[in-house]
Amino acid sequence: MADPNVMAGGSLNSGSRSGGSKTATSPAENYILARRRTLQVVVSSLLTECGYESAEKAAVESLTEMMQSYITEIGRCAKTYCEHTARSTPTLPDVVLTLVEMGFNVDTLPVYAKRSQRMVITAPPVTNPPVIPKALSAGQKRTHPTHIPSHFPEFPDPHTYIKTPTFREPVCEYQVVREKAASQRRDVERALTRFMAKTGQTESLFKDDVTAFPLIAARPTSIPYLNALLPSELELQSLEETDSSEQDDQTDSDNNHGNVINDDGGADKENSGLPSGGSMPSVKAPEEGIDNPYLRPVKKPKVRRKK
Amino acid sequence: MNRKKDKGFESPRPYKLTHQVVCINNINFQRKSVIGYVELTIFPTVVNLNRIKLNSKQCRIYRVRVNDLEAPFIYNDPTLEVCHHESKQRNLNYFSSAYTAAVSAVDPDAGNGELCIKVPSELWKQGDEMKVLKVYIEFSLDQPKGGLHFVVPDVEGSMAERGAHIFSFGYQNSTRFWFPCVDSYSELCTWKLEFTVDASMVAVSCGDLLETVYTHDMRKKTYHYMLPIPTAAPNISLAVGPFEILVDPYMHEVTHFCLPQLLPLLKHSMGFLHEIFEFYEEILTCRYPYSCFKTVFVDEAYVQVSSYASMSIFSTNLLHSGMIIDQTPMTRRCLAQALAQQFFGCFISRMSWVDEWVLKGISGYIYGLYLKKTFGVNDYRHWIKEELDKIVEYELKMGGVLLHPTFGGGKEKDNPTPHLHFSIKHPHTLSWEYYRMFQCKAHLVMRLIENRISMEFMLQVFNKLLSLASTASSQKYQSHMWSQMLLSNTSFLRAISNVSGKDIGPLIKQWVDQSGVVKFFGSFAFNRKRNVLELEIRQDYTSSGTQKYVGPIKVTVQELDGSFNHTLQIEENSLKHDIPCHSKSRRNKKKKIPLMNGEEVDMDLSAMDADSPLLWIRIDPDMSILRKVEFEQADFMWQYQLRYERDVVAQEESILALEKFPTPASRLALTDILEQEQCFYKVRMQACFCLAKIANSMVSTWTGPPAMKSLFTRMFCCKSCPNIVKTNNFMNFQSYFLQKTMPVAMAQLRDVQNLCPKEVLNFILDLIKYNDNRKNKFSDNYYRAELIDALTNSLTPAISINNEVRTVDNLNQDVRLILEEITRYLNMEKLLPSYRNTITVSCLRAIRTLQKNGHIPSDPSLFKSYAEFGHFVDVRVAALEALVDYTRVDRSSEELQWLLTMVQNDPTHYVRHKILSMLGKNPPFTKAAEANKATESPLCNEALVDQLWKLMNSGTSHDWRLRCDAMNLYYTLFGLTRPSCLPLPELGLVLNLKEKKALLNPTIKPEQPGGASELPTAMAFSVSTMKVEEEHLGMEHAAPIPIPLPSQALKRKLDTPLGSSPEPGQVLQDEPSIKLPSKGRFPTQDEEDIDMETVHDSQAFIYHHLNMLERPSTPGKEPPSVEQSLLSMPSTPMPLFSKESSSSSKHGGGGASEHGHHHHHHHHEHKKKKKKHKHKHKHKHKHDSKEKERDSHAFSNSPASGRSMRSPSLSD
């Protein structure tokens, strides 16, 4: 009952796997599959040895998994022991120690190996160990320098440590720098103005081709002198770069000319009666001792001023 | 006019003003209106003061009270419309005389005024006791066109947030535009000024701010100012706005005001004002006369600088940040000018208009001293030369500028300036250009006086004048000392002679009492045998604007052995002067040559004439004559002069002369100067342009790279890559200015094909490309603007094949590059505007030049959009200049119309003025060109004549300057006589009145030069023109009446529908025909005999006659409701008045004419009298109101009373 089932299941399985592997025909996968299949055969023969006639596919699969884990663990542990003793290749005592550690009675092993009903299993088909694909080939793989014994692990792939510059070395030649700066600025300006011209109203110097030299349309402003007199942000920036102290002074004053009315207590009371809508004329903070009539507080109306 | 004799000041008024209150209690920014009142405290100086004449223009007057009694008044402004529209006169002579008459008729210096108040009879008695009268006038201004300017930006927010402000302005005495006053510089009084403004605003005015008080609702506050120093009304000003306040950190009594957001600029720009104060106070050894000083910076200013008592109003465009180089000296100059005028002009005022030159002269002179101290002697001498060249050029072109005209009793033959198309009798009839030149000449003459009497004495004189004034100012009115604060020609000269003991009479006679400059031609020969320099100095004193000079002249001769001064006497007939030389020619000796300043230099003498020891000769090196010198000397002498003479004036003269000597030696001399860093930078700049000219003349023999290129490369380009300019660093201003100028000059270079060399163009394009300002402390906006100018300069006319239409495709490759740069720069300005939009200005100029040279299609639309209101004023002016040019080149009537519309409607007065003056400088056509059929312009047509006529006749009544600009333009286009494009008058007989100018301009009709009967006075002329017209009408309708008696005339007027003007042409055709009958009808009339002294009387005629038009006596609309209420008002003080006016209201014009007629008869009666009766008559005329009945009759019949029924100016 079991075998055909297993076979069928196996074939089904392998069919689907192969179907899957058809797309992924990597040699590494084939290698692993071959080993696994051998392991599966080993499990099946052990079951037969124990008297099973059939087994469910899932059970075989679980047992294979357990077997694999066990073997893997032995290998891992043995390697650890060997490395612990500063060697690179595990020896028999390492394996024995491992088995002991895992609670296996080593003495029973020769007996078990020589049991009569054991089945001989063919070696797994020879498949090439998978070639590790070169993920990134960067630079020359470095060999060990002479003071490092050859058994030490190889250097990792160069791509893991090599620095790959993402920019080119800046050119420091003055002429080129100036040239670049100039053309870059010009390009930026041109692009910007073209964009502005495209997105807004334009005037043209030519009637036949209005796109030839587009001029951004002149737009009257309500307070034209502000734009014309106040330094632009760009100029302020450059000023900041060249002379920070002066700039500080300017920003100070900018803050200052908010609405500072310097009044003493009495005047404050008067101001509270003011309509809040109108902005007060800004007054520069009077320095100590300045008596200027324009800085004096506004008086309250007298009881009846003759008009 | 009021020629002041040696006696002190005599007021032309029968009263003296002592104190005036101005109270403006409402300023409405939304409606642009102002409401307020004034109260004048006056002392009558005659018994029975019954009329008070005040000045007031465009104010609507609601009521007048004298000592709390309602007083009737007449408001009449003849300058509103100079000539009446029924007149078809279109010649400028006629207009000019009428205009002068109109201005005279309201001239406060002659005791006249627009507003005539009748003192209530109850107060007459008081006159005997010389009691004080208080004249209280309530007035309002609605959308004033002159005097006060409202700036109300069209943005969201409250008025304060919008930066709305208001300020007073005007040309000369224009205070009458915004409140009733005695608008004379010679009527001083103390002031109390009150301004109630919104709580968010600041009101800045003259005098000390006493206090600021909230109104009861706390929404507004009142600024109380007191000006205790007697001040003339024209020196009163006001500015209201949401100003930011800056107390000067050095002088706490000085306060600066600017518009919101500009405080940082204000701080920077005002940082050195205290230095100017210190300088003036030190040289004048006199403290600043006022207790405080205020500077206000406003938008849309009328002029850059205007000074008023204790405050000055400036254009906000003078403010700049610390990054701006070029504006800094300009702003300082403006401030220095304003401050100089505080002392002379505001504190010390002029006695009359003819004394104006003294004040302008002194303030200009001390301003010059400031320039000398601040900017150095070189700059000062350069400036003096510039000013001298300016005045010389103007006078030679336009005729003389007369500083101190004397008007000899009004005799026409005595007209001091017959060459001018305007009268110089009043400041308000003066062309702006002339006035500027007048100021320029005034300060130059002051400098001449300084040369004569030494600066020390000069300053002593000023100090004396100031101390006198300062003592007087602190006195009470009763001390009669106030007139010490007035300065006149006479008092100034007396002070000079007292202080210095020197007689400067000849100097004054030459330069002040006479107009014109001196034109010298000099040449020389060296007589080897006698070792004598034979100098010949000739003069041209026959062409216009010149005068003959007799007197000393200094000649400096630089010889091998040194520099020697010689003073020669220029006499009537001596042309040749022998000057002995000190040194023998000795070219081989190697010895240093001593210069004028004591310096000794090595010179390469190989260039000079072996036989002559002369290196160079200078005539009048100190500019102590107002002259132009054309001196001939050899090219090598000019070159020596340029290289070794240390005086910048000499260097500049030689640069100018070297233009005529395009030789390698000149080139070398100029290049050396360019490289010499010790040399004054303005000389070096000038050398650039000269070098360009020389290079062009030498184009075929020129070797090496284009002129200045290698020099520029060496000075400003990188060592490693000579095609790239260094990143900008303008720390050294001299080299900054040179760096700016050189490309502009280089662009003037031309190759053999007369094109700008490709090399130069690429060089300039590279400068633009590599311009890098990131590391610079200063803004490069002026530099970049000049680079655009350089591109403009490089343009040459396009080669046009068969007038092909300019398209993008056939664009010249170089032009394409230029256009790329201009487009980019102009567009970048929109995103990052430069200071004062200098780059836009240059770009607009460049585009116009491209158009004019035929590279791109000529099209005004771009300029029109930039000329719109709402752009920065410099940009607008540049665009308008391009439009003016377009109008001329393309003869476009559409654009001319557009410009003229803008002249009428633009909110900015400066722009209006600028349009007209630019049109005058670059006229669409000229009279001269029109005379030639081939150059006749389609623009010159009747419609334009009418339009311009209307503009100057009535369209510009709110702005004296603009009216004179319009007159200038009219003169340029059509000349003095009837424009040629007008159809000939129908009968060929035109008004054949001919006058020579005495008081007024002649009315010469070229069509009818002969047979002119002469009317002696301008007044009489105007009167008789009116009269003739009336009589003609009278004849038509009442022909049988041979002599229209007053009563008949009245009847006639009632019958005649005078409201309708006569048909066009009728007047012209009829006037002469009337002339004879009128003579016939008045056989006794001896026109030659008319008393010239009765100008004042005649002015009364003018006053009424000019008003005959149907026009409102106050400007603005006349709301009928006001009329009604006025009519229904009880007429208590003068019952007759209102009765009469109601009857005359039906026949407004008729009533006026009748009155005129009445006077006219009076006049004729008077004419019969011989001169001995003059005085009597005058008296009678002036005081004909003695009889009360008659007086009231006159009042009721006066034109204004008739008119006033339709205007709200009638108050009772």
# chains A, B, ... in the order shown; residues from 1 in each chain; ligands from 1
>>> select_by_dssp(residues="region 625-758 of chain B", states="strand (DSSP E)", output="ChimeraX atom specification")
/B:627-631
>>> write_last_selection(atoms="N, CA, C and O atoms", output="PDB file, in the first residue's frame")
ATOM      1  N   ARG B 627      33.286 131.322 -18.964  1.00  0.00           N
ATOM      2  CA  ARG B 627      33.777 131.382 -20.339  1.00  0.00           C
ATOM      3  C   ARG B 627      33.890 130.004 -20.958  1.00  0.00           C
ATOM      4  O   ARG B 627      33.857 128.976 -20.306  1.00  0.00           O
ATOM      5  N   LYS B 628      34.029 130.072 -22.277  1.00  0.00           N
ATOM      6  CA  LYS B 628      34.417 128.893 -23.024  1.00  0.00           C
ATOM      7  C   LYS B 628      35.698 129.293 -23.733  1.00  0.00           C
ATOM      8  O   LYS B 628      35.765 130.363 -24.338  1.00  0.00           O
ATOM      9  N   VAL B 629      36.716 128.476 -23.613  1.00  0.00           N
ATOM     10  CA  VAL B 629      37.982 128.809 -24.259  1.00  0.00           C
ATOM     11  C   VAL B 629      38.244 127.777 -25.336  1.00  0.00           C
ATOM     12  O   VAL B 629      38.212 126.577 -25.069  1.00  0.00           O
ATOM     13  N   GLU B 630      38.459 128.257 -26.532  1.00  0.00           N
ATOM     14  CA  GLU B 630      38.943 127.356 -27.569  1.00  0.00           C
ATOM     15  C   GLU B 630      40.366 127.771 -27.860  1.00  0.00           C
ATOM     16  O   GLU B 630      40.610 128.816 -28.451  1.00  0.00           O
ATOM     17  N   PHE B 631      41.275 126.965 -27.403  1.00  0.00           N
ATOM     18  CA  PHE B 631      42.674 127.351 -27.506  1.00  0.00           C
ATOM     19  C   PHE B 631      43.388 126.403 -28.448  1.00  0.00           C
ATOM     20  O   PHE B 631      43.151 125.196 -28.445  1.00  0.00           O
TER      21      PHE B 631
END
>>> residues_around(residues="Thr823 (chain B)", least_positions_apart="2", cutoff="12 Å", atoms="only C-alpha atoms", output="VMD selection string")
(chain A and resid 186 189 to 190 193 to 194 197 202 to 205 211 to 217) or (chain B and resid 788 815 to 821 825 to 830 839 to 840 842 to 844 846 to 847)
>>> closest_residue(among="B:Leu238, B:Leu319, B:Val106, B:Leu711", to="chain A", atoms="only C-alpha atoms")
B:Leu319
>>> residues_around(residues="Phe733 (chain B)", least_positions_apart="4", cutoff="10 Å", atoms="only C-alpha atoms", output="list in words")
Ile325, Asp326, Tyr681, Asn729, Phe737, Leu738 and Gln739 of chain B
>>> write_last_selection(atoms="N, CA, C and O atoms", output="compact mmCIF listing (two decimals), in the first residue's frame")
# COMPACT_ATOMS: atom_id res chain seq x y z
N ILE B 325 27.38 101.28 -4.29
CA ILE B 325 28.46 102.26 -4.38
C ILE B 325 27.97 103.55 -5.03
O ILE B 325 28.08 104.62 -4.45
N ASP B 326 27.44 103.44 -6.21
CA ASP B 326 27.20 104.64 -7.02
C ASP B 326 26.21 105.61 -6.41
O ASP B 326 26.32 106.82 -6.58
N TYR B 681 40.21 109.54 -10.90
CA TYR B 681 39.53 108.49 -11.67
C TYR B 681 38.62 109.04 -12.74
O TYR B 681 38.41 108.41 -13.78
N ASN B 729 35.61 92.42 -7.02
CA ASN B 729 35.99 92.97 -5.74
C ASN B 729 36.07 94.48 -5.90
O ASN B 729 36.98 95.00 -6.54
N PHE B 737 35.28 102.12 -10.77
CA PHE B 737 34.70 103.01 -11.78
C PHE B 737 35.40 102.80 -13.13
O PHE B 737 34.76 102.87 -14.18
N LEU B 738 36.67 102.54 -13.07
CA LEU B 738 37.39 102.30 -14.31
C LEU B 738 36.94 101.00 -14.96
O LEU B 738 36.74 100.92 -16.17
N GLN B 739 36.74 100.01 -14.11
CA GLN B 739 36.30 98.72 -14.62
C GLN B 739 34.93 98.83 -15.28
O GLN B 739 34.63 98.15 -16.25
>>> atom_distance(atom1="CA of Asn573 (chain B)", atom2="CA of Ala525 (chain B)")
19.1 Å
>>> residues_around(residues="Met67 (chain A)", least_positions_apart="4", cutoff="12 Å", atoms="only C-alpha atoms", output="mmCIF file with all heavy atoms, in the first residue's frame")
data_model
loop_
_atom_site.group_PDB
_atom_site.id
_atom_site.type_symbol
_atom_site.label_atom_id
_atom_site.label_comp_id
_atom_site.auth_asym_id
_atom_site.auth_seq_id
_atom_site.Cartn_x
_atom_site.Cartn_y
_atom_site.Cartn_z
ATOM 1 N N ARG A 36 19.425 14.707 -0.935
ATOM 2 C CA ARG A 36 18.185 14.521 -0.188
ATOM 3 C C ARG A 36 17.507 13.240 -0.605
ATOM 4 O O ARG A 36 16.960 12.503 0.214
ATOM 5 C CB ARG A 36 17.292 15.746 -0.478
ATOM 6 C CG ARG A 36 15.916 15.701 0.128
ATOM 7 C CD ARG A 36 15.856 16.490 1.390
ATOM 8 N NE ARG A 36 14.478 16.524 1.906
ATOM 9 C CZ ARG A 36 14.146 17.057 3.050
ATOM 10 N NH1 ARG A 36 15.093 17.616 3.807
ATOM 11 N NH2 ARG A 36 12.909 17.042 3.466
ATOM 12 N N THR A 38 18.899 10.621 -1.691
ATOM 13 C CA THR A 38 19.652 9.507 -1.110
ATOM 14 C C THR A 38 19.231 9.305 0.337
ATOM 15 O O THR A 38 18.982 8.181 0.787
ATOM 16 C CB THR A 38 21.151 9.817 -1.163
ATOM 17 O OG1 THR A 38 21.497 10.183 -2.479
ATOM 18 C CG2 THR A 38 21.986 8.626 -0.697
ATOM 19 N N LEU A 39 19.121 10.397 1.023
ATOM 20 C CA LEU A 39 18.714 10.336 2.429
ATOM 21 C C LEU A 39 17.338 9.703 2.560
ATOM 22 O O LEU A 39 17.085 8.885 3.459
ATOM 23 C CB LEU A 39 18.696 11.762 3.006
ATOM 24 C CG LEU A 39 18.977 11.885 4.489
ATOM 25 C CD1 LEU A 39 20.317 11.233 4.827
ATOM 26 C CD2 LEU A 39 19.015 13.346 4.868
ATOM 27 N N GLN A 40 16.495 10.067 1.612
ATOM 28 C CA GLN A 40 15.150 9.531 1.629
ATOM 29 C C GLN A 40 15.180 7.995 1.437
ATOM 30 O O GLN A 40 14.468 7.240 2.132
ATOM 31 C CB GLN A 40 14.336 10.174 0.490
ATOM 32 C CG GLN A 40 12.958 10.573 0.927
ATOM 33 C CD GLN A 40 12.356 11.533 -0.114
ATOM 34 O OE1 GLN A 40 12.810 11.577 -1.249
ATOM 35 N NE2 GLN A 40 11.328 12.241 0.301
ATOM 36 N N VAL A 41 16.042 7.596 0.557
ATOM 37 C CA VAL A 41 16.173 6.150 0.313
ATOM 38 C C VAL A 41 16.675 5.452 1.576
ATOM 39 O O VAL A 41 16.172 4.386 1.954
ATOM 40 C CB VAL A 41 17.132 5.907 -0.887
ATOM 41 C CG1 VAL A 41 17.442 4.403 -1.038
ATOM 42 C CG2 VAL A 41 16.541 6.462 -2.144
ATOM 43 N N VAL A 42 17.616 6.100 2.247
ATOM 44 C CA VAL A 42 18.154 5.537 3.480
ATOM 45 C C VAL A 42 17.046 5.363 4.513
ATOM 46 O O VAL A 42 16.890 4.279 5.102
ATOM 47 C CB VAL A 42 19.263 6.455 4.034
ATOM 48 C CG1 VAL A 42 19.617 6.039 5.456
ATOM 49 C CG2 VAL A 42 20.473 6.394 3.151
ATOM 50 N N VAL A 43 16.238 6.389 4.643
ATOM 51 C CA VAL A 43 15.140 6.321 5.617
ATOM 52 C C VAL A 43 14.183 5.193 5.241
ATOM 53 O O VAL A 43 13.777 4.380 6.088
ATOM 54 C CB VAL A 43 14.419 7.680 5.695
ATOM 55 C CG1 VAL A 43 13.129 7.542 6.506
ATOM 56 C CG2 VAL A 43 15.313 8.725 6.335
ATOM 57 N N SER A 44 13.868 5.140 3.974
ATOM 58 C CA SER A 44 12.915 4.126 3.517
ATOM 59 C C SER A 44 13.470 2.722 3.793
ATOM 60 O O SER A 44 12.741 1.830 4.261
ATOM 61 C CB SER A 44 12.651 4.281 2.020
ATOM 62 O OG SER A 44 12.186 5.573 1.765
ATOM 63 N N LEU A 46 15.638 1.844 6.043
ATOM 64 C CA LEU A 46 15.602 1.606 7.476
ATOM 65 C C LEU A 46 14.210 1.195 7.915
ATOM 66 O O LEU A 46 14.051 0.277 8.717
ATOM 67 C CB LEU A 46 16.016 2.883 8.240
ATOM 68 C CG LEU A 46 17.517 3.146 8.286
ATOM 69 C CD1 LEU A 46 17.787 4.470 8.967
ATOM 70 C CD2 LEU A 46 18.222 2.042 9.022
ATOM 71 N N VAL A 60 7.590 9.819 5.971
ATOM 72 C CA VAL A 60 8.938 9.617 5.451
ATOM 73 C C VAL A 60 9.664 10.961 5.384
ATOM 74 O O VAL A 60 10.821 11.088 5.784
ATOM 75 C CB VAL A 60 8.861 8.965 4.049
ATOM 76 C CG1 VAL A 60 10.248 8.883 3.442
ATOM 77 C CG2 VAL A 60 8.255 7.602 4.145
ATOM 78 N N GLU A 61 8.922 11.863 4.973
ATOM 79 C CA GLU A 61 9.510 13.212 4.808
ATOM 80 C C GLU A 61 9.979 13.736 6.168
ATOM 81 O O GLU A 61 11.082 14.271 6.288
ATOM 82 C CB GLU A 61 8.418 14.130 4.204
ATOM 83 C CG GLU A 61 8.908 15.389 3.514
ATOM 84 C CD GLU A 61 9.880 15.122 2.382
ATOM 85 O OE1 GLU A 61 9.755 14.126 1.605
ATOM 86 O OE2 GLU A 61 10.817 15.916 2.283
ATOM 87 N N SER A 62 9.124 13.545 7.178
ATOM 88 C CA SER A 62 9.493 14.009 8.521
ATOM 89 C C SER A 62 10.719 13.288 9.027
ATOM 90 O O SER A 62 11.643 13.907 9.585
ATOM 91 C CB SER A 62 8.350 13.776 9.516
ATOM 92 O OG SER A 62 7.227 14.477 9.090
ATOM 93 N N LEU A 63 10.712 11.993 8.823
ATOM 94 C CA LEU A 63 11.844 11.214 9.301
ATOM 95 C C LEU A 63 13.124 11.644 8.581
ATOM 96 O O LEU A 63 14.179 11.769 9.199
ATOM 97 C CB LEU A 63 11.570 9.712 9.066
ATOM 98 C CG LEU A 63 10.531 9.113 10.035
ATOM 99 C CD1 LEU A 63 10.118 7.708 9.577
ATOM 100 C CD2 LEU A 63 11.118 9.026 11.438
ATOM 101 N N ILE A 71 22.270 14.494 11.392
ATOM 102 C CA ILE A 71 23.575 14.405 10.741
ATOM 103 C C ILE A 71 24.228 15.784 10.692
ATOM 104 O O ILE A 71 25.429 15.946 10.945
ATOM 105 C CB ILE A 71 23.430 13.819 9.329
ATOM 106 C CG1 ILE A 71 23.003 12.344 9.446
ATOM 107 C CG2 ILE A 71 24.743 13.915 8.560
ATOM 108 C CD1 ILE A 71 22.627 11.712 8.121
ATOM 109 N N THR A 72 23.407 16.748 10.398
ATOM 110 C CA THR A 72 23.946 18.090 10.314
ATOM 111 C C THR A 72 24.518 18.523 11.645
ATOM 112 O O THR A 72 25.610 19.106 11.702
ATOM 113 C CB THR A 72 22.827 19.063 9.907
ATOM 114 O OG1 THR A 72 22.172 18.563 8.766
ATOM 115 C CG2 THR A 72 23.375 20.450 9.617
ATOM 116 N N GLU A 73 23.773 18.131 12.690
ATOM 117 C CA GLU A 73 24.215 18.527 14.015
ATOM 118 C C GLU A 73 25.548 17.865 14.337
ATOM 119 O O GLU A 73 26.452 18.504 14.901
ATOM 120 C CB GLU A 73 23.128 18.166 15.040
ATOM 121 C CG GLU A 73 23.448 18.546 16.463
ATOM 122 C CD GLU A 73 23.675 20.017 16.669
ATOM 123 O OE1 GLU A 73 23.221 20.825 15.844
ATOM 124 O OE2 GLU A 73 24.359 20.379 17.668
ATOM 125 N N ILE A 74 25.656 16.612 13.954
ATOM 126 C CA ILE A 74 26.915 15.896 14.216
ATOM 127 C C ILE A 74 28.049 16.604 13.506
ATOM 128 O O ILE A 74 29.096 16.907 14.082
ATOM 129 C CB ILE A 74 26.814 14.415 13.730
ATOM 130 C CG1 ILE A 74 25.846 13.657 14.621
ATOM 131 C CG2 ILE A 74 28.194 13.741 13.750
ATOM 132 C CD1 ILE A 74 25.500 12.264 14.077
#
>>> residues_around(residues="Phe206 (chain A)", least_positions_apart="5", cutoff="8 Å", atoms="only C-alpha atoms", output="ChimeraX atom specification")
/A:212-213 /B:806-808,856-857
>>> residues_around(residues="Phe277 (chain B)", least_positions_apart="4", cutoff="8 Å", atoms="only C-alpha atoms", output="PDB file with N, CA and C atoms, in the first residue's frame")
ATOM      1  N   LEU B 273      25.063 112.069   8.126  1.00  0.00           N
ATOM      2  CA  LEU B 273      24.451 113.397   8.043  1.00  0.00           C
ATOM      3  C   LEU B 273      25.091 114.355   9.041  1.00  0.00           C
ATOM      4  N   GLU B 281      28.118 124.127  10.099  1.00  0.00           N
ATOM      5  CA  GLU B 281      28.163 124.938  11.312  1.00  0.00           C
ATOM      6  C   GLU B 281      29.562 125.493  11.529  1.00  0.00           C
ATOM      7  N   TYR B 288      23.037 125.648  13.502  1.00  0.00           N
ATOM      8  CA  TYR B 288      21.864 125.405  12.670  1.00  0.00           C
ATOM      9  C   TYR B 288      20.693 126.176  13.269  1.00  0.00           C
ATOM     10  N   LEU B 339      20.641 120.624   3.172  1.00  0.00           N
ATOM     11  CA  LEU B 339      21.052 121.278   4.403  1.00  0.00           C
ATOM     12  C   LEU B 339      21.552 122.697   4.137  1.00  0.00           C
TER      13      LEU B 339
END
>>> residues_around(residues="Thr143 (chain A)", least_positions_apart="6", cutoff="9 Å", atoms="only C-alpha atoms", output="list in words")
Ser150, Glu154 and Phe155 of chain A
>>> write_last_selection(atoms="N, CA, C and O atoms", output="tab-separated table (two decimals), in the first residue's frame")
chain	number	residue	atom	x	y	z
A	150	SER	N	48.38	29.53	4.77
A	150	SER	CA	47.43	29.39	3.66
A	150	SER	C	46.14	28.76	4.11
A	150	SER	O	45.12	28.87	3.44
A	154	GLU	N	40.15	32.42	3.28
A	154	GLU	CA	40.53	33.40	2.28
A	154	GLU	C	39.90	34.75	2.59
A	154	GLU	O	38.93	34.86	3.35
A	155	PHE	N	40.47	35.68	1.98
A	155	PHE	CA	39.85	37.02	2.10
A	155	PHE	C	38.46	37.00	1.50
A	155	PHE	O	38.20	36.25	0.56
>>> atom_distance(atom1="CA of Gly113 (chain B)", atom2="CA of Val21 (chain B)")
18.9 Å
>>> closest_residue(among="A:Ile121, A:Val111, A:Leu295, A:Cys77", to="chain B", atoms="only C-alpha atoms")
A:Leu295
